[in-house]
$ cat entry_17.txt   # compact mmCIF, C-alpha atoms
# COMPACT_ATOMS: atom_id res chain seq x y z
CA MET A 1 0.28 -1.14 74.29
CA LEU A 2 -0.77 -0.42 70.73
CA GLU A 3 1.13 -3.29 69.11
CA ARG A 4 -2.03 -5.31 68.54
CA TYR A 5 -4.02 -2.42 67.10
CA ILE A 6 -4.97 -3.21 63.50
CA SER A 7 -5.12 -0.15 61.28
CA ALA A 8 -7.36 0.13 58.28
CA ASN A 9 -4.88 2.06 56.14
CA ASP A 10 -1.43 3.66 56.05
CA ALA A 11 -2.62 6.99 57.41
CA GLU A 12 -4.16 5.29 60.42
CA GLN A 13 -1.00 3.24 60.98
CA ASN A 14 1.07 6.42 60.82
CA ARG A 15 -1.16 7.99 63.47
CA VAL A 16 -0.73 4.92 65.68
CA GLU A 17 3.05 5.33 65.42
CA VAL A 18 2.80 9.02 66.31
CA VAL A 19 0.60 8.26 69.31
CA LYS A 20 3.13 5.61 70.43
CA ALA A 21 5.83 8.29 70.35
CA ALA A 22 3.64 10.66 72.35
CA LEU A 23 2.99 7.95 74.93
CA GLU A 24 6.73 7.33 75.28
CA ILE A 25 7.30 11.03 75.91
CA ALA A 26 4.45 11.01 78.44
CA LYS A 27 5.92 7.99 80.24
CA ALA A 28 9.29 9.70 80.48
CA ALA A 29 7.75 12.95 81.70
CA VAL A 30 5.69 11.30 84.43
CA GLY A 31 8.49 8.93 85.41
CA ALA A 32 10.93 11.83 85.83
CA THR A 33 9.00 13.26 88.79
CA GLY A 34 10.60 10.90 91.32
CA ALA A 35 9.36 8.02 93.44
CA ASN A 36 8.51 10.11 96.53
CA SER A 37 6.15 12.51 94.83
CA GLY A 38 3.02 10.43 94.28
CA ILE A 39 0.69 13.42 94.35
CA LYS A 40 2.79 15.29 91.82
CA SER A 41 3.07 12.30 89.49
CA GLY A 42 -0.68 11.75 89.75
CA TYR A 43 -1.17 15.37 88.72
CA ASP A 44 1.42 14.97 85.93
CA LEU A 45 -0.32 11.84 84.67
CA ASP A 46 -3.69 13.62 84.58
CA ASN A 47 -2.12 16.57 82.80
CA VAL A 48 -0.36 14.36 80.24
CA THR A 49 -3.52 12.33 79.67
CA ASN A 50 -5.41 15.49 78.81
CA LYS A 51 -2.67 16.65 76.43
CA ILE A 52 -1.70 13.41 74.64
CA ASN A 53 -3.68 14.29 71.51
CA GLN A 54 -2.03 17.72 71.29
CA LEU A 55 1.38 16.13 71.73
CA ALA A 56 0.65 13.61 68.97
CA ASP A 57 -0.57 16.45 66.73
CA ALA A 58 2.66 18.38 67.35
CA ILE A 59 4.77 15.33 66.51
CA GLN A 60 2.71 14.76 63.34
CA ALA A 61 3.13 18.40 62.32
CA ALA A 62 6.90 18.15 62.78
CA ILE A 63 6.99 15.01 60.62
CA ASP A 64 4.83 16.62 57.95
CA ASN A 65 7.10 19.69 57.80
CA LYS A 66 10.22 17.53 57.24

$ encode --input "entry_17.txt" --output "structure tokens"
Amino acid sequence: MLERYISANDAEQNRVEVVKAALEIAKAAVGATGANSGIKSGYDLDNVTNKINQLADAIQAAIDNK
């Protein structure tokens, strides 16, 4: 999804990589709800969408704390 994004500098590229990780976690979280729970996965997707920046920030903080 973000493979074609061209970053201006290393910091921006690092953020792209962190956001990719957050999106992978989001995909796994929404996909884990099960095929028969469309309403729940719609809710989960909305919830994850609203929290993706916070998730990316948490991943970045963990990386920065090494």

$ closest_atom_pairs --input "entry_17.txt" --of "segment 1-32 of chain A" --to "segment 59-62 of chain A" --cutoff "12 Å" --atoms "only C-alpha atoms" --output "Markdown table"
| residue | atom | partner | partner_atom | distance |
| --- | --- | --- | --- | --- |
| A:Ala11 | CA | A:Gln60 | CA | 11.1 |
| A:Asn14 | CA | A:Gln60 | CA | 8.9 |
| A:Arg15 | CA | A:Gln60 | CA | 7.8 |
| A:Val16 | CA | A:Gln60 | CA | 10.7 |
| A:Glu17 | CA | A:Gln60 | CA | 9.7 |
| A:Val18 | CA | A:Gln60 | CA | 6.5 |
| A:Val19 | CA | A:Ile59 | CA | 8.7 |
| A:Lys20 | CA | A:Ile59 | CA | 10.6 |
| A:Ala21 | CA | A:Ile59 | CA | 8.1 |
| A:Ala22 | CA | A:Ile59 | CA | 7.6 |
| A:Leu23 | CA | A:Ile59 | CA | 11.3 |
| A:Ile25 | CA | A:Ile59 | CA | 10.6 |

$ write_last_selection --input "entry_17.txt" --atoms "C-alpha atoms" --output "PDB file, keeping the file's coordinate frame"
ATOM      1  CA  ALA A  11      -2.620   6.990  57.410  1.00  0.00           C
ATOM      2  CA  ASN A  14       1.070   6.420  60.820  1.00  0.00           C
ATOM      3  CA  ARG A  15      -1.160   7.990  63.470  1.00  0.00           C
ATOM      4  CA  VAL A  16      -0.730   4.920  65.680  1.00  0.00           C
ATOM      5  CA  GLU A  17       3.050   5.330  65.420  1.00  0.00           C
ATOM      6  CA  VAL A  18       2.800   9.020  66.310  1.00  0.00           C
ATOM      7  CA  VAL A  19       0.600   8.260  69.310  1.00  0.00           C
ATOM      8  CA  LYS A  20       3.130   5.610  70.430  1.00  0.00           C
ATOM      9  CA  ALA A  21       5.830   8.290  70.350  1.00  0.00           C
ATOM     10  CA  ALA A  22       3.640  10.660  72.350  1.00  0.00           C
ATOM     11  CA  LEU A  23       2.990   7.950  74.930  1.00  0.00           C
ATOM     12  CA  ILE A  25       7.300  11.030  75.910  1.00  0.00           C
TER      13      ILE A  25
END

$ atom_distance --input "entry_17.txt" --atom1 "atom CA of Leu45 of chain A" --atom2 "atom CA of Ala26 of chain A"
7.9 Å

$ atom_distance --input "entry_17.txt" --atom1 "atom CA of Thr49 of chain A" --atom2 "atom CA of Leu2 of chain A"
15.8 Å

$ closest_residue --input "entry_17.txt" --among "A:Arg4, A:Ala29, A:Glu12, A:Asp64" --to "Asn47 of chain A" --atoms "only C-alpha atoms"
A:Ala29

$ atom_distance --input "entry_17.txt" --atom1 "atom CA of Val30 of chain A" --atom2 "atom CA of Tyr5 of chain A"
24.1 Å
